[in-house]
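A.B. asks: Quick one: this structure, given as structure tokens, is what I'll be asking you about.
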Amino acid sequence: MATFKEFRNNVKPNWCPGCGDFSVQAAIQRAAANIGLEPEQLAVISGIGCSGRISGYINAYGLHGIHGRALPIAQGVKLANRELTVIASGGDGDGFAIGMGHTVHAIRRNLDITYIVMDNQIYGLTKGQTSPRSAEGFKTKSTPEGSIENTLSPLEIALSAGATFVAQSFSSDLKQLTSLIEAGLKHKGFSLINVFSPCVTFNKVNTYDWFKENIVNLDQFPDYDPSNRIAAMNKIMETNGMLTGLIYQDKERKPYEDLVVGFKPEALAKQDLTLSREDFDKLLAEFK
Amino acid sequence: MISQLSWKIGGQQGEGVESTDRIFSTALNRLGYYLYGYRHFSSRIKGGHTNNKIRISTKPIRAISDDLDILVAFDQESIDLNAKELRSGGVIVADAKFSPTVPEGIEARLFAVPITAIAEELGTSLMKNMVASGASWALLGLPLEVFNKAVEEEFGRKGPAVVEKNVEAVKRGAEFILEQAGGPLEEFRLEEADGKQKLFMIGNEALGLGAIAAGCRLMSAYPITPASEIMEYLIKKLPKFGGTVVQTEDEIAAATMAIGANYAGVRTMTASAGPGLSLMMEAIGLSGMTETPLVIIDTQRGGPSTGLPTKQEQSDINALIYGTHGEIPKVVIAPSTIEECFYDMIEAFNVAETYQVPVIVATDLQLSLGKQSCEPLDYEKIVIERGKLQTGELPPLEEHKMFKRYEFTEDGISPRVLPGAKYGIHHVTGVEHDQEGRPSESAANRKLMMEKRLGKLRSLRIRDAIKADAPSEAPDLLIVAMGSTGGTIDEARTRLAAEGITTNHVTVRQLHPFPSDLVEPYLKQAKKVVVLENNATAQLANLIKQNVGYHDKIESLLKYDGTPFLPHEIEKACKEMK
Ligand SMILES: Cc1ncc(C[n+]2csc(CCOP(=O)(O)OP(=O)(O)O)c2C)c(N)n1
Ligand code: SF4
């Protein structure tokens, strides 16, 4: 069985020292090893941004696509080969601005993939503009007088779009992050894991210390029941979206792949492409 | 006896125009006639004038006719709008309900048949279509048993009572008109057809069928006119072959999902029209840059913006070729007949996988939606080629080495592995990359990679990259065109020949990379060249000038009012240009 070291390659990340994304990379590598995957069984599909580089830093099949489109690409991969474990990943701009349409629809489609968002409340790669996750009043290069738009709550959106797995974590809490990714990978259906992953270079407000002060860990509430959707929504609102842990999971709903008429349990990519003469004749007969 | 005839049915959208046309033409197909249809419709579901025209012939035909023999009208508007198309001596069969009149200056025989009244008498006005088609059929003096058989098939699953009612409606329509006309009209008596039932379908169905034959098992798409029938056909058929169609949230998702699925090894396509194609541009670039196969169908319609969504145009040529930013290898194929729609899909998937490039199959609205007879399709011609796809076991990799997915090779095409393969791990990125797929900004690597990618298609020629019908060694005119216009051009050419004007005809099927070497000899020998296309800015002509030259010989015949060319328009223009 592969160890987490086998999920490493020798590519040196070009992230700034201290960037939250390093821990996300490590957590994915550990979680993949912990659930017994071999590197070739994993495909990591990422968007564009500092965070999007992650697919190049893990020894697994990786595709670094275009800005905001990690999810449709990842869904295509899963449809073609459902035997693969598929992770989609990217930044908050990638998933909640340019790619928001795909995020909502991937959630409602519910293919069995795990979506890990590195949420740093800012655009890192383009050097510090506001993101839909930035707080009102947040000053950036594109909002010199402070952002005047409301902050988006991806957790609330995910729940209302019918998400079957919603979790949130923090780069500094490698243990929780790893276990949530493991749970997401094991979940049969779409899992959203939003990770507070500080940008040490451009975001001087939402720092590691700021998160430590403001985060509410669900472990504090032993009675919290993640199968209760209403309670989950309440908790998100109560904590102003700052909670971490497994927020909601629906273990009943079947993933998309199981509902597609005619879909077989083995990978479509491994099936025979040829059309028999008999089937060909049958298809033609309908046009006579 | 005549060898061909044109028939049209008009009414309000949602009033049974489509179904009347369907039953009437299905029955004609049973008798072995060649058929070619044209739909006039708007982007509304109910209401608004719509009409379907079919040409019926004992010989192959691929064009709508200049005029009309029989017009079936459900309302006066249909008469007012279409009567001018009738040839003198033509016939109007109209519903007596609206007290039809023949517009001034039109010489046509009018038969007012109580279409609605008969249908209502039999139980429901829904059967108007049966009364109308029965009346048309009888007027042509065609055997009623064949028609009834088609009715039986259409309604069989609804039970014998429904079949009986509809057969009765047909009979009543037929009886009424025969009495009024005093028997079938001799001048409309068609020569007997060969009795061989043809395939009868629209281009979109042929494309879908071709995709299945090509091994396409997934489609991701967003509905749009005139492409939706492709996804609608495939969602009915693909489950039987283990695949499916996903209706995505937009065309960006459709194209990128198709890229993901192709990357993971399933032949996957998407289909759209102009607006969707515009949204797919960045994805097409990703496919080109990452050398991931991708097949896209663009059913061209009237642009720009929402344009004329239900009308004919061939104005996406520039967008198809130049639309993406940066420089990628890309193939654009334009089928020109219904049979080519089928075979070109197989070619498209083979080229996409062999060369690891995006391939766009571009039709136009008339080719996609015109229902027509199709020659038998040959099972033996279905060949699947997957190029350098490695499916066997791979040798172990050295530590921290990845599979060289972008290895430099003589032909520029690198071995490809699918995710899941042991020892095949590599990285794929739209960022410039090295042979293992790692991002690289090295100038030397950049140069080599650009040359590798762009060099892959240098000598690509699809099967029949052009089609030439060139009987003359030095023709007065060479007509060059693409897409659905070919049949109309050939009809005009026959007339021109009768008037002593010699013409050759070249159809460009591979629009990009442009097959200059194949086109050039025909340009060279012609005295004059007419490039005919359904757009306003002569996109095909410019492509030819840019790639082949002969600027001084080339003139354009353009039509961009949303309707297809008619034979007499081409005939007239060619005579003037000669
Ligand atoms: C279509 C398109 N628009 C804009 C860009 C430029 N761009 C690249 S990454 C990015 C945003 C990065 O922010 P985020 O997604 O939050 O990722 P981070 O860099 O913070 O990890 C932008 C605007 C692009 N690559 N593509
Ligand atoms: S700019 Fe910010 S997000 Fe990007 S690598 Fe540096 S710290 Fe990380």
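In the structure tokens, each chain is lettered A, B, ... as it comes, each chain's residues begin at 1, and ligands are numbered from 1 in order of appearance.
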So which residues are near ligand 2, meaning at most 12 Å away with only C-alpha atoms and all ligand atoms counted, given back as a ChimeraX atom specification?

C.D. replies: /A:13-24,48-54,90-93,118-129,171,196-204,206-208

A.B. asks: Please list as a tab-separated table (two decimals) with N, CA, C and O atoms, in the first residue's frame every residue within 7 Å of B:Gly37, counting only C-alpha atoms and excluding residues in the same chain fewer than 3 positions away.

C.D. replies:
```tsv
chain	number	residue	atom	x	y	z
B	53	LYS	N	-41.57	22.37	-46.33
B	53	LYS	CA	-41.67	22.13	-47.77
B	53	LYS	C	-40.91	20.84	-48.06
B	53	LYS	O	-39.83	20.63	-47.50
B	54	ILE	N	-41.47	19.98	-48.90
B	54	ILE	CA	-40.69	18.84	-49.32
B	54	ILE	C	-40.69	18.70	-50.84
B	54	ILE	O	-41.68	18.97	-51.50
B	55	ARG	N	-39.57	18.27	-51.29
B	55	ARG	CA	-39.41	18.01	-52.70
B	55	ARG	C	-39.43	16.49	-52.85
B	55	ARG	O	-38.75	15.79	-52.10
B	370	GLY	N	-32.82	19.99	-42.26
B	370	GLY	CA	-33.58	19.57	-43.43
B	370	GLY	C	-33.70	18.05	-43.44
B	370	GLY	O	-32.69	17.35	-43.43
B	371	LYS	N	-34.94	17.55	-43.47
B	371	LYS	CA	-35.11	16.10	-43.47
B	371	LYS	C	-34.99	15.61	-44.90
B	371	LYS	O	-35.60	16.17	-45.80
B	372	GLN	N	-34.20	14.60	-45.11
B	372	GLN	CA	-33.93	14.19	-46.48
B	372	GLN	C	-33.57	12.70	-46.60
B	372	GLN	O	-33.22	12.06	-45.62
```

A.B. asks: Leaving out B:Leu523 and any residue of its chain fewer than 6 positions from it, which residues lie within 12 Å of it when counting only C-alpha atoms, given as number ranges by chain?

C.D. replies: B: 468, 470, 473-480, 503-506, 516-517, 529-531, 541, 544-545, 547-555

A.B. asks: Please report as a ChimeraX atom specification which residues of chain A come no farther than 9 Å from chain B, using only C-alpha atoms.

C.D. replies: /A:8-11,39-43,45,55-56,59-66,69-81,83-84,101-102,105,260-264,268-275,277,280-281,283-288

A.B. asks: So that I can see what lies close to stretch 165-174 of chain B, please list as an NGL selection string the residues with an atom at most 6 Å from it, counting only C-alpha atoms and leaving out residues fewer than 3 positions away in the same chain.

C.D. replies: :B and (130-131 or 134-135 or 138 or 162 or 177)

A.B. asks: Keeping only N, CA and C atoms, write the selected residues to a file as a short mmCIF file (atom, residue, chain, number, x, y, z; two decimals), in the first residue's frame.

C.D. replies:
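Wrote out_32.cif, looks like this:
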```cif
data_model
loop_
_atom_site.label_atom_id
_atom_site.label_comp_id
_atom_site.auth_asym_id
_atom_site.auth_seq_id
_atom_site.Cartn_x
_atom_site.Cartn_y
_atom_site.Cartn_z
N MET B 130 -54.29 14.56 -40.33
CA MET B 130 -54.59 13.34 -41.08
C MET B 130 -55.50 13.65 -42.27
N VAL B 131 -56.47 14.52 -42.03
CA VAL B 131 -57.38 14.89 -43.11
C VAL B 131 -56.59 15.59 -44.22
N GLY B 134 -54.20 13.18 -45.99
CA GLY B 134 -54.99 12.24 -46.80
C GLY B 134 -55.44 12.89 -48.10
N ALA B 135 -55.88 14.14 -47.98
CA ALA B 135 -56.34 14.87 -49.17
C ALA B 135 -55.19 15.06 -50.16
N ALA B 138 -54.31 11.75 -51.89
CA ALA B 138 -55.29 11.32 -52.89
C ALA B 138 -55.15 12.12 -54.18
N VAL B 162 -57.50 4.07 -32.04
CA VAL B 162 -56.89 5.33 -32.49
C VAL B 162 -56.47 5.21 -33.95
N ILE B 177 -61.74 15.39 -51.42
CA ILE B 177 -61.01 16.12 -52.46
C ILE B 177 -61.16 15.43 -53.83
#
```

A.B. asks: Which residue is closest to ligand 1? Choose from B:Pro275, B:Ala211, B:His325, B:Pro515 and count only C-alpha atoms and all ligand atoms.

C.D. replies: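 Using only C-alpha atoms and all ligand atoms, ligand 1 sits closest to B:His325.
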
A.B. asks: Name the residues of stretch 201-253 of chain A that come out as strand (DSSP E or B) in a backbone DSSP run; write them as a ChimeraX atom specification.

C.D. replies: /A:216-217,243-249

A.B. asks: Show which residues sit within 12 Å of A:Arg229, as JSON, numbers by chain. Count only C-alpha atoms, and ignore same-chain residues fewer than 2 positions away.

C.D. replies: {"A": [155, 156, 158, 159, 160, 161, 162, 163, 164, 165, 166, 224, 225, 226, 227, 231, 232, 233, 234, 235, 236, 246, 247, 248, 249, 250]}

A.B. asks: For the residues in the current selection, export N, CA and C atoms as a CSV table (one decimal), in the first residue's frame.

C.D. replies:
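The new file selection_13.csv reads:
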```csv
chain,number,residue,atom,x,y,z
A,155,LEU,N,-21.0,28.0,2.1
A,155,LEU,CA,-21.6,26.9,2.9
A,155,LEU,C,-23.1,26.9,2.8
A,156,GLU,N,-23.6,28.2,2.9
A,156,GLU,CA,-25.1,28.3,2.8
A,156,GLU,C,-25.6,27.9,1.4
A,158,ALA,N,-24.1,26.0,-0.7
A,158,ALA,CA,-24.0,24.6,-0.9
A,158,ALA,C,-25.1,23.8,-0.3
A,159,LEU,N,-25.5,24.2,0.9
A,159,LEU,CA,-26.6,23.5,1.5
A,159,LEU,C,-27.9,23.7,0.7
A,160,SER,N,-28.1,25.0,0.3
A,160,SER,CA,-29.4,25.2,-0.4
A,160,SER,C,-29.4,24.6,-1.8
A,161,ALA,N,-28.2,24.3,-2.3
A,161,ALA,CA,-28.1,23.7,-3.6
A,161,ALA,C,-28.3,22.2,-3.5
A,162,GLY,N,-28.4,21.7,-2.3
A,162,GLY,CA,-28.6,20.2,-2.1
A,162,GLY,C,-27.4,19.4,-1.9
A,163,ALA,N,-26.4,20.1,-1.4
A,163,ALA,CA,-25.1,19.4,-1.1
A,163,ALA,C,-25.3,18.2,-0.2
A,164,THR,N,-24.6,17.1,-0.5
A,164,THR,CA,-24.7,15.9,0.3
A,164,THR,C,-23.5,15.8,1.3
A,165,PHE,N,-22.5,16.7,1.2
A,165,PHE,CA,-21.4,16.7,2.1
A,165,PHE,C,-20.8,18.1,2.1
A,166,VAL,N,-20.8,18.7,3.3
A,166,VAL,CA,-20.3,20.1,3.4
A,166,VAL,C,-19.4,20.1,4.7
A,224,TYR,N,-23.8,18.1,18.3
A,224,TYR,CA,-24.1,18.5,16.9
A,224,TYR,C,-24.3,17.3,16.0
A,225,ASP,N,-25.4,17.4,15.2
A,225,ASP,CA,-25.7,16.2,14.4
A,225,ASP,C,-25.6,16.6,12.9
A,226,PRO,N,-24.5,16.2,12.2
A,226,PRO,CA,-24.3,16.6,10.9
A,226,PRO,C,-25.3,16.1,9.9
A,227,SER,N,-26.3,15.2,10.3
A,227,SER,CA,-27.2,14.7,9.4
A,227,SER,C,-28.5,15.6,9.3
A,231,ALA,N,-30.3,22.2,11.2
A,231,ALA,CA,-29.3,22.5,12.3
A,231,ALA,C,-28.0,23.0,11.6
A,232,ALA,N,-27.7,22.4,10.5
A,232,ALA,CA,-26.4,22.8,9.8
A,232,ALA,C,-26.5,24.2,9.4
A,233,MET,N,-27.7,24.6,8.7
A,233,MET,CA,-27.8,25.9,8.2
A,233,MET,C,-27.8,26.9,9.4
A,234,ASN,N,-28.5,26.6,10.5
A,234,ASN,CA,-28.5,27.4,11.7
A,234,ASN,C,-27.1,27.7,12.2
A,235,LYS,N,-26.3,26.6,12.3
A,235,LYS,CA,-25.0,26.7,12.8
A,235,LYS,C,-24.1,27.6,12.0
A,236,ILE,N,-24.3,27.4,10.6
A,236,ILE,CA,-23.5,28.3,9.7
A,236,ILE,C,-23.8,29.7,10.0
A,246,LEU,N,-17.1,18.7,10.2
A,246,LEU,CA,-18.1,18.2,9.2
A,246,LEU,C,-19.4,18.9,9.5
A,247,ILE,N,-19.9,19.6,8.6
A,247,ILE,CA,-21.1,20.4,8.9
A,247,ILE,C,-22.4,19.7,8.5
A,248,TYR,N,-22.3,19.0,7.4
A,248,TYR,CA,-23.5,18.3,6.9
A,248,TYR,C,-23.1,17.1,6.0
A,249,GLN,N,-23.8,16.0,6.3
A,249,GLN,CA,-23.6,14.9,5.4
A,249,GLN,C,-24.9,14.1,5.2
A,250,ASP,N,-25.3,13.8,4.0
A,250,ASP,CA,-26.5,13.0,3.7
A,250,ASP,C,-25.9,11.7,3.1
```

A.B. asks: So, with only C-alpha atoms as the atoms that count, which of A:Leu218, A:Ala97, A:Leu111, A:Ala183 lies closest to A:Ile35?

C.D. replies: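 Selected residue with least distance to A:Ile35: A:Ala183.
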
A.B. asks: Give the alpha helix (DSSP H) residues of stretch 69-285 of chain B, as DSSP finds them on the backbone, and put them as a ChimeraX atom specification.

C.D. replies: /B:76-82,115-121,128-139,144-155,160-181,203-213,228-237,251-263,274-285

A.B. asks: Could you check the closest approach to B:His568 for each of B:Leu308, B:Leu496, B:Leu110, B:Ala132 and tell me which residue wins, using only C-alpha atoms?

C.D. replies: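 Looking only at the distances to B:His568, the closest residue turns out to be B:Leu496.
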
A.B. asks: In Å, rounded to a single decimal, give me how far atom CA of B:Glu107 is from atom CA of B:Gly89.

C.D. replies: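 It comes out at 6.2 Å.
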
A.B. asks: Excluding A:Phe190 and any residue of its chain fewer than 2 positions from it, enumerate the residues within 9 Å of it, using only C-alpha atoms, and give them as a VMD selection string.

C.D. replies: chain A and resid 106 to 115 163 to 166 184 187 to 188 192 255

A.B. asks: Show which residues sit within 8 Å of A:Ile28, as a VMD selection string. Count only C-alpha atoms, and ignore same-chain residues fewer than 4 positions away.

C.D. replies: chain A and resid 24 32 178 181

A.B. asks: I'd like to know which of B:Ala227, B:Leu185, B:Met280, B:Leu454 is closest to B:Leu369, using only C-alpha atoms.

C.D. replies: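 Checking each of B:Ala227, B:Leu185, B:Met280, B:Leu454 against B:Leu369, counting only C-alpha atoms, the winner is B:Ala227.
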
A.B. asks: Hey, which of A:Ile215, A:Ala26, A:Val86, A:Ile157 ends up closest to A:Met242? Count only C-alpha atoms.

C.D. replies: A:Ile215
